[in-house]
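The data block below is input_7.txt; it holds compact mmCIF, C-alpha atoms.
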```
# COMPACT_ATOMS: atom_id res chain seq x y z
CA MET Z 214 24.18 96.84 35.51
CA ALA Z 215 22.95 94.02 33.29
CA ILE Z 216 22.84 94.69 29.55
CA ILE Z 217 20.01 93.40 27.35
CA THR Z 218 20.11 93.61 23.57
CA LEU Z 219 17.09 93.39 21.28
CA LEU Z 220 17.05 91.94 17.78
CA THR Z 221 13.55 91.87 16.33
CA ASP Z 222 11.46 92.19 13.19
CA PHE Z 223 8.91 94.32 15.07
CA SER Z 224 9.78 97.59 13.27
CA ASP Z 225 10.32 100.88 15.09
CA LYS Z 226 7.25 102.29 13.38
CA ASP Z 227 4.92 100.36 15.67
CA TYR Z 228 4.50 100.26 19.44
CA TYR Z 229 5.50 96.62 19.98
CA VAL Z 230 9.14 97.35 20.84
CA SER Z 231 8.16 100.05 23.33
CA ILE Z 232 5.73 97.72 25.09
CA PHE Z 233 8.37 95.01 25.37
CA LYS Z 234 10.99 97.43 26.68
CA GLY Z 235 8.50 98.69 29.24
CA ASP Z 236 7.80 95.14 30.41
CA LEU Z 237 11.54 94.40 30.69
CA LEU Z 238 12.20 97.58 32.69
CA THR Z 239 9.25 96.88 34.97
CA THR Z 240 10.64 93.41 35.67
CA CYS Z 241 14.26 94.56 36.06
CA PRO Z 242 14.44 98.36 36.48
CA SER Z 243 18.24 98.46 36.65
CA VAL Z 244 18.98 96.89 33.25
CA GLN Z 245 20.33 98.75 30.25
CA ILE Z 246 18.56 97.96 26.96
CA VAL Z 247 20.43 98.28 23.66
CA ASP Z 248 18.86 97.83 20.25
CA ILE Z 249 20.88 95.76 17.78
CA SER Z 250 18.05 96.22 15.28
CA ASN Z 251 14.28 96.19 15.25
CA SER Z 252 14.12 96.47 11.47
CA ILE Z 253 14.97 92.92 10.42
CA PRO Z 254 12.81 92.06 7.38
CA SER Z 255 9.70 90.23 8.57
CA TYR Z 256 10.34 86.54 9.34
CA ASP Z 257 13.90 86.71 7.88
CA ILE Z 258 15.84 84.57 10.34
CA TYR Z 259 18.85 84.46 7.99
CA ALA Z 260 19.24 88.24 8.12
CA ALA Z 261 18.74 88.14 11.89
CA ALA Z 262 21.39 85.42 12.20
CA LEU Z 263 23.84 87.58 10.24
CA PHE Z 264 23.21 90.51 12.61
CA LEU Z 265 23.55 88.31 15.69
CA LYS Z 266 26.71 86.56 14.46
CA SER Z 267 28.28 89.93 13.65
CA THR Z 268 27.48 91.74 16.89
CA TYR Z 269 26.95 89.56 19.96
CA HIS Z 270 30.63 89.26 20.93
CA HIS Z 271 31.18 93.04 20.85
CA PHE Z 272 29.16 93.34 24.05
CA PRO Z 273 30.48 92.65 27.57
CA LYS Z 274 30.39 89.11 28.88
CA ASN Z 275 27.08 88.05 30.46
CA THR Z 276 25.09 90.31 28.14
CA ILE Z 277 21.57 88.94 27.55
CA HIS Z 278 20.75 88.82 23.84
CA ILE Z 279 17.03 88.60 23.06
CA ILE Z 280 16.04 87.57 19.53
CA ARG Z 281 12.42 87.88 18.45
CA VAL Z 282 12.26 87.12 14.73
CA PHE Z 283 9.79 84.74 13.07
CA GLU Z 284 8.10 84.24 16.39
CA LYS Z 285 4.87 82.29 16.52
CA GLY Z 286 2.32 81.97 19.30
CA ILE Z 287 3.12 80.23 22.56
CA LYS Z 288 1.24 77.06 21.65
CA HIS Z 289 3.00 76.73 18.30
CA GLN Z 290 6.61 77.57 19.08
CA GLN Z 291 8.52 77.18 22.31
CA LEU Z 292 11.27 79.44 23.54
CA LEU Z 293 14.87 78.54 24.25
CA ALA Z 294 17.35 80.04 26.68
CA MET Z 295 21.01 79.41 25.98
CA LYS Z 296 24.37 80.06 27.55
CA TYR Z 297 27.21 80.28 25.03
CA LYS Z 298 30.74 81.54 25.65
CA ASP Z 299 29.66 83.56 28.71
CA TYR Z 300 26.73 85.18 26.90
CA TYR Z 301 23.03 84.51 27.34
CA PHE Z 302 20.55 84.17 24.49
CA ILE Z 303 16.75 83.94 24.50
CA ALA Z 304 15.08 83.08 21.20
CA PRO Z 305 12.28 81.08 19.56
CA ASP Z 306 13.02 77.47 18.71
CA ASN Z 307 13.19 78.13 14.96
CA GLY Z 308 16.86 77.46 14.17
CA ILE Z 309 18.09 81.02 14.42
CA LEU Z 310 20.59 80.29 17.19
CA THR Z 311 22.19 77.45 15.25
CA LEU Z 312 22.48 79.68 12.17
CA ALA Z 313 24.26 82.42 14.09
CA LEU Z 314 26.51 80.48 16.46
CA GLU Z 315 28.98 77.99 15.08
CA GLU Z 316 29.67 75.82 18.13
CA LYS Z 317 27.46 73.88 20.49
CA PRO Z 318 26.09 75.80 23.47
CA ASP Z 319 27.34 75.37 27.00
CA LEU Z 320 23.72 74.91 28.05
CA MET Z 321 20.42 74.94 26.16
CA VAL Z 322 17.17 75.07 28.13
CA ARG Z 323 13.63 74.73 26.83
CA ILE Z 324 11.56 77.22 28.79
CA ASP Z 325 8.77 75.67 30.82
CA ASP Z 326 5.22 76.29 29.60
CA LEU Z 327 3.56 77.94 32.60
CA GLN Z 328 0.50 79.14 30.70
CA LEU Z 329 1.54 82.75 31.01
CA LYS Z 330 -0.65 85.22 29.18
CA THR Z 331 1.85 86.75 26.77
CA LEU Z 332 5.18 85.98 25.17
CA ASP Z 333 6.59 89.08 26.85
CA GLU Z 334 6.02 87.40 30.20
CA TYR Z 335 8.08 84.41 29.15
CA TYR Z 336 11.02 86.57 28.10
CA CYS Z 337 10.76 88.68 31.25
CA ARG Z 338 10.73 85.59 33.44
CA VAL Z 339 14.00 84.35 31.93
CA VAL Z 340 15.62 87.79 32.08
CA LYS Z 341 14.72 88.11 35.76
CA GLU Z 342 16.28 84.73 36.53
CA ILE Z 343 19.49 85.65 34.73
CA VAL Z 344 19.77 89.15 36.22
CA PHE Z 345 19.09 88.16 39.81
CA ASN Z 346 20.41 84.59 39.93
CA ASN Z 347 22.81 84.38 36.97
CA ASN Z 348 21.08 81.15 36.02
CA ILE Z 349 18.88 79.63 33.31
CA GLY Z 350 18.75 76.08 34.63
CA SER Z 351 15.72 76.71 36.83
CA ILE Z 352 13.40 78.07 34.12
CA GLY Z 353 13.14 74.85 32.13
CA LYS Z 354 14.79 71.58 31.23
CA ALA Z 355 18.15 71.17 29.55
CA THR Z 356 17.70 69.84 26.05
CA ASN Z 357 19.55 68.71 22.95
CA ASP Z 358 16.32 68.57 20.97
CA TYR Z 359 15.88 71.86 19.12
CA VAL Z 360 15.62 73.07 15.53
CA VAL Z 361 18.98 73.02 13.72
CA LEU Z 362 19.49 74.89 10.46
CA LYS Z 363 22.61 74.90 8.32
CA ASP Z 364 24.64 78.08 8.12
CA PHE Z 365 24.57 80.07 4.87
CA LYS Z 366 27.95 78.80 3.67
CA PRO Z 367 29.08 79.15 0.04
CA ALA Z 368 30.13 76.22 -2.16
CA LEU Z 369 33.92 76.01 -2.48
CA ASN Z 370 34.84 74.19 -5.70
CA ASN Z 371 38.19 73.52 -7.36
CA ASP Z 372 38.24 76.69 -9.43
CA ASN Z 373 35.36 78.80 -8.13
CA ILE Z 374 33.30 79.84 -5.14
CA GLU Z 375 29.52 80.02 -5.47
CA GLY Z 376 27.72 82.17 -2.96
CA GLN Z 377 24.62 84.31 -2.82
CA VAL Z 378 23.30 87.62 -1.62
CA ILE Z 379 22.08 87.27 1.97
CA TYR Z 380 21.40 90.88 2.91
CA ILE Z 381 20.98 94.33 1.38
CA ASP Z 382 21.64 97.21 3.75
CA SER Z 383 19.90 100.57 3.94
CA PHE Z 384 22.40 102.10 1.48
CA GLY Z 385 21.71 99.41 -1.10
CA ASN Z 386 25.04 97.69 -0.54
CA VAL Z 387 24.97 93.95 -1.21
CA ILE Z 388 26.34 91.49 1.37
CA SER Z 389 27.09 87.94 0.28
CA ASN Z 390 27.73 84.79 2.29
CA ILE Z 391 31.31 84.54 0.94
CA ARG Z 392 33.82 85.20 3.68
CA LYS Z 393 37.40 86.37 3.51
CA LYS Z 394 38.62 83.08 4.89
CA ASP Z 395 36.88 81.25 2.01
CA ILE Z 396 38.98 82.90 -0.69
CA GLU Z 397 42.11 82.57 1.45
CA GLU Z 398 41.72 78.80 1.00
CA TYR Z 399 42.96 79.26 -2.59
CA GLY Z 400 46.25 80.91 -1.64
CA ASP Z 401 47.68 84.40 -1.38
CA ASP Z 402 48.63 85.34 -4.96
CA ILE Z 403 45.67 84.41 -7.11
CA ASN Z 404 43.83 86.07 -9.94
CA PHE Z 405 40.06 86.03 -9.80
CA ARG Z 406 36.87 87.51 -11.14
CA ILE Z 407 33.82 88.24 -9.01
CA TYR Z 408 30.75 87.75 -11.18
CA TYR Z 409 27.62 89.46 -9.91
CA ARG Z 410 25.83 89.00 -13.24
CA ARG Z 411 26.48 86.53 -16.02
CA LYS Z 412 29.00 88.72 -17.87
CA ASP Z 413 29.70 91.51 -15.38
CA TYR Z 414 32.57 91.09 -12.95
CA ILE Z 415 35.00 92.83 -10.60
CA ASP Z 416 38.60 91.66 -10.59
CA LYS Z 417 40.05 93.16 -7.42
CA PHE Z 418 39.24 93.96 -3.84
CA VAL Z 419 39.50 97.45 -2.37
CA ASN Z 420 39.77 98.65 1.21
CA ASN Z 421 36.91 101.16 1.13
CA TYR Z 422 34.48 102.92 -1.17
CA ALA Z 423 36.76 105.91 -1.74
CA ASP Z 424 39.22 103.65 -3.58
CA VAL Z 425 37.04 103.79 -6.72
CA PRO Z 426 35.51 106.74 -8.62
CA ARG Z 427 31.91 107.74 -8.01
CA GLY Z 428 29.44 105.46 -9.72
CA MET Z 429 31.86 102.54 -10.05
CA ALA Z 430 31.16 99.07 -8.65
CA MET Z 431 33.58 97.71 -6.10
CA ALA Z 432 34.09 94.70 -3.85
CA TYR Z 433 35.63 94.46 -0.41
CA PHE Z 434 35.44 92.44 2.77
CA ASN Z 435 33.40 94.35 5.33
CA SER Z 436 34.08 94.75 9.04
CA VAL Z 437 32.62 91.32 9.85
CA GLY Z 438 34.50 89.51 7.09
CA TYR Z 439 31.82 89.06 4.42
CA LEU Z 440 32.23 89.94 0.75
CA GLU Z 441 30.31 93.13 0.04
CA ILE Z 442 29.55 94.59 -3.37
CA GLY Z 443 28.71 98.26 -3.60
CA ILE Z 444 28.79 101.32 -5.78
CA ASN Z 445 30.55 104.46 -4.64
CA TYR Z 446 27.70 106.93 -4.00
CA GLY Z 447 25.08 104.61 -5.44
CA PRO Z 448 22.56 101.88 -4.45
CA ALA Z 449 24.31 98.77 -5.76
CA ALA Z 450 21.37 96.38 -5.40
CA GLN Z 451 19.13 98.57 -7.54
CA LEU Z 452 21.72 99.59 -10.13
CA LEU Z 453 23.22 96.12 -10.52
CA GLY Z 454 19.90 94.26 -10.46
CA LEU Z 455 20.72 92.21 -7.36
CA LYS Z 456 18.36 90.87 -4.72
CA ILE Z 457 18.35 88.41 -1.84
CA GLY Z 458 19.39 85.02 -3.22
CA SER Z 459 21.18 86.38 -6.33
CA LEU Z 460 24.23 84.32 -7.32
CA ILE Z 461 27.67 85.74 -6.54
CA LYS Z 462 30.45 83.69 -8.13
CA ILE Z 463 34.19 84.04 -7.78
CA GLU Z 464 36.17 82.35 -10.55
CA ILE Z 465 39.79 81.53 -9.76
CA ILE Z 466 41.88 82.17 -12.89
```

Hey, can you dump this file as structure tokens for me?
Amino acid sequence: MAIITLLTDFSDKDYYVSIFKGDLLTTCPSVQIVDISNSIPSYDIYAAALFLKSTYHHFPKNTIHIIRVFEKGIKHQQLLAMKYKDYYFIAPDNGILTLALEEKPDLMVRIDDLQLKTLDEYYCRVVKEIVFNNNIGSIGKATNDYVVLKDFKPALNNDNIEGQVIYIDSFGNVISNIRKKDIEEYGDDINFRIYYRRKDYIDKFVNNYADVPRGMAMAYFNSVGYLEIGINYGPAAQLLGLKIGSLIKIEII
């Protein structure tokens, strides 16, 4: 049974996701559809890239990942189908795939414009080709000409790392673009301060929220390796005055 994942900014409050799932199941009744998230902030391809980067490889090989975030009309934005490390991806040509996936694809195909009536039909056509023929080469032309965006990497300087908030989860926890491997570049036994405001800092990492008392700010590397700042039993973003794009700076002492 083929697995299809959905990552969209459609919102579960509306009927758009249900319509799309119905179209997919009508095209390929035997597939299993799994939601990664349909609550990506509208047009936020950076948040979507974070979700995709963090999750795609947890699914079985040959899973079809569909990304529909910051999607324009057919005449204004073409669709891409990609094979990458034994996974399939279908997404708008807006740079989201290059943000999420670090290496070049095995194959990138620009989907032929057949003047279909809806975008759903384009996605369904590609899914059908993958499910029944295990192939994307026949639905368009291979291309190296697509939108490329730079990953949200922090600046690694001699004595500090400058990153930023890239996502705030439903609990108000703050996720930065600083990764565990970034701070490991400075050695094992280092002293540091994590500044989340000009004068406010955290000077150690913990393993989980229970390692600090209630109401205290803490920092740790989450399950996908990104530096996360939270408050035990509290919405960190609100209480610490942080938002998307806020500076997170680690000073090496």

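Each of Z:Val419, Z:Val425, Z:Leu237, Z:Leu460 was checked against Ala368 in chain Z using all atoms listed in the file; the smallest atom-to-atom distance is that of Z:Leu460.
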
- Distance criterion (all atoms listed in the file): nearest to Phe283 in chain Z out of Z:Ile309, Z:Leu219, Z:Leu453, Z:Leu238: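 Nearest candidate to Phe283 in chain Z out of Z:Ile309, Z:Leu219, Z:Leu453, Z:Leu238: Z:Ile309.
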
- Skip Leu440 in chain Z itself and residues of its chain fewer than 5 positions away, then list as a PyMOL selection string all residues within 10 Å of it, counting all atoms listed in the file. chain Z and resi 376+378+387-393+395-396+418+432-435+461

Output C-alpha atoms for every residue in the selection just made, as an mmCIF file, keeping the file's coordinate frame.
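Writing the result to part-v2.cif gives the following:
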```
data_model
loop_
_atom_site.group_PDB
_atom_site.id
_atom_site.type_symbol
_atom_site.label_atom_id
_atom_site.label_comp_id
_atom_site.auth_asym_id
_atom_site.auth_seq_id
_atom_site.Cartn_x
_atom_site.Cartn_y
_atom_site.Cartn_z
ATOM 1 C CA GLY Z 376 27.720 82.170 -2.960
ATOM 2 C CA VAL Z 378 23.300 87.620 -1.620
ATOM 3 C CA VAL Z 387 24.970 93.950 -1.210
ATOM 4 C CA ILE Z 388 26.340 91.490 1.370
ATOM 5 C CA SER Z 389 27.090 87.940 0.280
ATOM 6 C CA ASN Z 390 27.730 84.790 2.290
ATOM 7 C CA ILE Z 391 31.310 84.540 0.940
ATOM 8 C CA ARG Z 392 33.820 85.200 3.680
ATOM 9 C CA LYS Z 393 37.400 86.370 3.510
ATOM 10 C CA ASP Z 395 36.880 81.250 2.010
ATOM 11 C CA ILE Z 396 38.980 82.900 -0.690
ATOM 12 C CA PHE Z 418 39.240 93.960 -3.840
ATOM 13 C CA ALA Z 432 34.090 94.700 -3.850
ATOM 14 C CA TYR Z 433 35.630 94.460 -0.410
ATOM 15 C CA PHE Z 434 35.440 92.440 2.770
ATOM 16 C CA ASN Z 435 33.400 94.350 5.330
ATOM 17 C CA ILE Z 461 27.670 85.740 -6.540
#
```

- For Tyr259 in chain Z, work out the shell of residues within 12 Å, counting all atoms listed in the file and skipping chain neighbours fewer than 6 positions away, then give it as a ChimeraX atom specification. /Z:222,253,265-266,282-283,307-313,362-366,378-380,389-390,457-458

- Message: From the options Z:Ile463, Z:Ile217, Z:Val247, Z:Asp257, which residue's atoms come nearest to Phe302 in chain Z, counting only C-alpha atoms?
- Response: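 When distances to Phe302 in chain Z are compared using only C-alpha atoms, the smallest one comes from Z:Ile217.
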
- Query: Between Z:Ile280, Z:Ile232, Z:Ile343, Z:Phe223, which is the closest to Val244 in chain Z once you count all atoms listed in the file?
  - Reply: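 Between Z:Ile280, Z:Ile232, Z:Ile343, Z:Phe223, the residue approaching Val244 in chain Z most closely is Z:Ile343.
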
- Find the distance between CA of Asp326 in chain Z and CA of Ala304 in chain Z and write it in Å to one decimal.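 These two atoms are separated by 14.6 Å.
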